[in-house]
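Shown next, in structure tokens, is the structure this report addresses.
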Amino acid sequence: MSEALDSLWNDVHGCTLCAADLPLGPRPVLRPSATARLLIVGQAPGTKVHESGVPWNDPSGDRLRDWMGIGRETFYDRRRIAIMPMGFCYPGRLARGGDAPPRPECAPHWHAALLALMPAVELTLLVGGYAQAHYLGPRRGRTLTETVARWRDFLPGYLPTPHPSWRTRGWVARNPWFEAELLPDLRARVAALVAPEAGKRPDFE
């Protein structure tokens with residue numbers, strides 16, 4: 001990392017902005033990068049990721065890597081892929097079950113400063129509705145399905161996907177275009193962006 005990004009990284013790890021609302025306390029889990037051309041913006045760590053400190057180190061991460069067409073070695077190569085969730089810390093659970101939304105303080109406070117120090121990013125995967133709402137704003141569809149179905153409209157800078165939790169399997173079955181059209185394009189773009197050759201660029205826009 002650059003000296004400036006390393007300094008900001010230390011600030012993030014000392015953050016206590018919403019500590020009083022975090023049931024397991026602060027443990028920011030992210031991987032900023034000054035050289036990565038691909039950025040993944042997801043939701044917030046679950047309990048397994050909170051325990052390990054490794055982003056997407058759970059079954060949802062396995063599914064996301066399958067969607068992207070890459071293995072763990074490439075996925076966790078910070079030189080090539082940056083990871084920055086909407087909420088850096090585990091937010092707790094909802095009374096009705098499932099993880100709570102990302103803390104609302106996190107992205108507005110930290111994302112812009114981190115992105116300013118990640119100049120190489122060419123494509124941002126917006127994984128889930130929270131990331132899409134923040135980065136696409138009024139451009140997004142009325143529903144997550146509508147937003148993801150219009151994925152071509154947001155290229156080349158953004159590519160929206162659903163969250164790859166086990167709950168998404170039914171959604172994928174009901175929307176066959178996701179596997180037939182979006183995933184091949186996603187995998188081609190990812191392959192070009194993470195290629196070892198520093199000067200290699202996608203042959204599409």
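Just so we're on the same page: first chain in the structure tokens is A, next is B, and so on; residues restart at 1 for each chain, and ligands are numbered from 1 in the order they show up.
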Find the nearest atom pair between each residue of segment 65-108 of chain A and segment 121-136 of chain A for residues within 12 Å, count only C-alpha atoms, give distances in Å to one decimal, sort rows by chain and ascending number, and present the table as CSV.
residue,atom,partner,partner_atom,distance
A:Trp67,CA,A:Val127,CA,11.4
A:Met68,CA,A:Leu125,CA,10.0
A:Arg79,CA,A:Val121,CA,11.1
A:Arg80,CA,A:Val121,CA,9.4
A:Ile81,CA,A:Val121,CA,8.9
A:Ala82,CA,A:Val121,CA,8.4
A:Ile83,CA,A:Thr124,CA,9.6
A:Met84,CA,A:Thr124,CA,10.1
A:Pro85,CA,A:Ala131,CA,7.9
A:Met86,CA,A:Ala131,CA,6.3
A:Gly87,CA,A:Tyr130,CA,9.6
A:Ala100,CA,A:Tyr130,CA,11.6
A:Pro101,CA,A:Tyr130,CA,8.1
A:Pro102,CA,A:Tyr130,CA,7.9
A:Arg103,CA,A:Tyr130,CA,10.6
A:Pro104,CA,A:Tyr130,CA,9.9
A:Cys106,CA,A:His134,CA,11.6
A:Ala107,CA,A:His134,CA,8.4
A:Pro108,CA,A:His134,CA,9.0
Within 10 Å of Asn175 of chain A using only C-alpha atoms, minus same-chain residues under 5 positions, as a PyMOL selection string: chain A and resi 145+149+169-170+180
Same residues, C-alpha atoms, saved as a compact mmCIF listing (two decimals), in the first residue's frame:
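selection.txt, written as the output of this step:
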# COMPACT_ATOMS: atom_id res chain seq x y z
CA THR A 145 -33.79 -7.62 -9.52
CA ALA A 149 -31.20 -6.94 -14.84
CA ARG A 169 -30.20 -19.78 -5.05
CA GLY A 170 -33.94 -19.41 -5.56
CA ALA A 180 -26.58 -17.17 -18.97
Which residue, A:Met118, A:Ala20, A:Ala173, A:Cys89, has the smallest gap to Lys48 of chain A when you use only C-alpha atoms? A:Cys89
Of the listed residues A:Ala36, A:Leu30, A:Ala95, A:Leu193, that which approaches Pro55 of chain A most closely, counting only C-alpha atoms: A:Leu30
Looking only at the backbone, which of the residues in segment 6-155 of chain A does DSSP tag as helix (DSSP H, G or I), as a ChimeraX atom specification? /A:6-13,19-21,47-52,59-68,72-75,106-116,129-139,144-149,151-154
Keeping C-alpha atoms, export the residues of the selection given above as an mmCIF file, in the first residue's frame.
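Everything below was put into part17.cif:
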data_model
loop_
_atom_site.group_PDB
_atom_site.id
_atom_site.type_symbol
_atom_site.label_atom_id
_atom_site.label_comp_id
_atom_site.auth_asym_id
_atom_site.auth_seq_id
_atom_site.Cartn_x
_atom_site.Cartn_y
_atom_site.Cartn_z
ATOM 1 C CA ASP A 6 -1.339 2.743 4.984
ATOM 2 C CA SER A 7 -1.904 5.719 7.282
ATOM 3 C CA LEU A 8 -5.627 5.795 6.507
ATOM 4 C CA TRP A 9 -5.801 2.023 7.013
ATOM 5 C CA ASN A 10 -4.461 2.540 10.536
ATOM 6 C CA ASP A 11 -7.105 5.207 11.152
ATOM 7 C CA VAL A 12 -9.834 2.816 10.011
ATOM 8 C CA HIS A 13 -8.596 0.090 12.325
ATOM 9 C CA ALA A 19 -18.643 0.970 18.720
ATOM 10 C CA ALA A 20 -21.536 1.339 21.148
ATOM 11 C CA ASP A 21 -23.870 -0.283 18.609
ATOM 12 C CA THR A 47 -19.747 -13.703 12.440
ATOM 13 C CA LYS A 48 -17.328 -16.075 10.659
ATOM 14 C CA VAL A 49 -15.596 -13.175 8.921
ATOM 15 C CA HIS A 50 -15.531 -11.189 12.162
ATOM 16 C CA GLU A 51 -13.804 -14.098 13.897
ATOM 17 C CA SER A 52 -11.227 -14.689 11.173
ATOM 18 C CA PRO A 59 -19.843 -19.961 1.991
ATOM 19 C CA SER A 60 -21.051 -16.649 0.506
ATOM 20 C CA GLY A 61 -17.447 -15.919 -0.430
ATOM 21 C CA ASP A 62 -17.132 -19.319 -2.079
ATOM 22 C CA ARG A 63 -20.198 -18.563 -4.183
ATOM 23 C CA LEU A 64 -18.932 -15.083 -5.070
ATOM 24 C CA ARG A 65 -15.592 -16.518 -6.202
ATOM 25 C CA ASP A 66 -17.471 -19.030 -8.351
ATOM 26 C CA TRP A 67 -19.497 -16.213 -9.910
ATOM 27 C CA MET A 68 -16.255 -14.352 -10.633
ATOM 28 C CA ARG A 72 -8.929 -17.904 -3.324
ATOM 29 C CA GLU A 73 -5.325 -17.102 -4.256
ATOM 30 C CA THR A 74 -6.364 -14.530 -6.838
ATOM 31 C CA PHE A 75 -9.291 -13.277 -4.775
ATOM 32 C CA CYS A 106 -19.447 3.670 8.021
ATOM 33 C CA ALA A 107 -19.547 4.212 4.251
ATOM 34 C CA PRO A 108 -20.289 7.974 4.353
ATOM 35 C CA HIS A 109 -17.428 8.462 6.797
ATOM 36 C CA TRP A 110 -14.729 6.314 5.156
ATOM 37 C CA HIS A 111 -15.439 5.309 1.546
ATOM 38 C CA ALA A 112 -14.622 8.533 -0.274
ATOM 39 C CA ALA A 113 -11.296 8.935 1.521
ATOM 40 C CA LEU A 114 -10.320 5.322 0.779
ATOM 41 C CA LEU A 115 -11.384 5.528 -2.870
ATOM 42 C CA ALA A 116 -9.309 8.669 -3.345
ATOM 43 C CA GLY A 129 -28.743 -3.767 -2.417
ATOM 44 C CA TYR A 130 -26.933 -1.629 0.147
ATOM 45 C CA ALA A 131 -23.894 -1.137 -2.104
ATOM 46 C CA GLN A 132 -26.133 -0.461 -5.092
ATOM 47 C CA ALA A 133 -28.194 2.125 -3.219
ATOM 48 C CA HIS A 134 -25.065 3.969 -2.084
ATOM 49 C CA TYR A 135 -23.171 3.987 -5.377
ATOM 50 C CA LEU A 136 -25.951 4.064 -7.963
ATOM 51 C CA GLY A 137 -28.420 6.253 -6.081
ATOM 52 C CA PRO A 138 -31.411 7.234 -8.249
ATOM 53 C CA ARG A 139 -29.937 5.380 -11.237
ATOM 54 C CA LEU A 144 -32.599 -5.366 -6.705
ATOM 55 C CA THR A 145 -33.789 -7.617 -9.524
ATOM 56 C CA GLU A 146 -34.491 -4.636 -11.766
ATOM 57 C CA THR A 147 -31.113 -3.117 -10.951
ATOM 58 C CA VAL A 148 -29.170 -6.305 -11.669
ATOM 59 C CA ALA A 149 -31.202 -6.941 -14.839
ATOM 60 C CA TRP A 151 -26.377 -4.302 -15.283
ATOM 61 C CA ARG A 152 -25.188 -3.200 -18.735
ATOM 62 C CA ASP A 153 -26.431 0.337 -17.998
ATOM 63 C CA PHE A 154 -23.867 0.807 -15.237
#
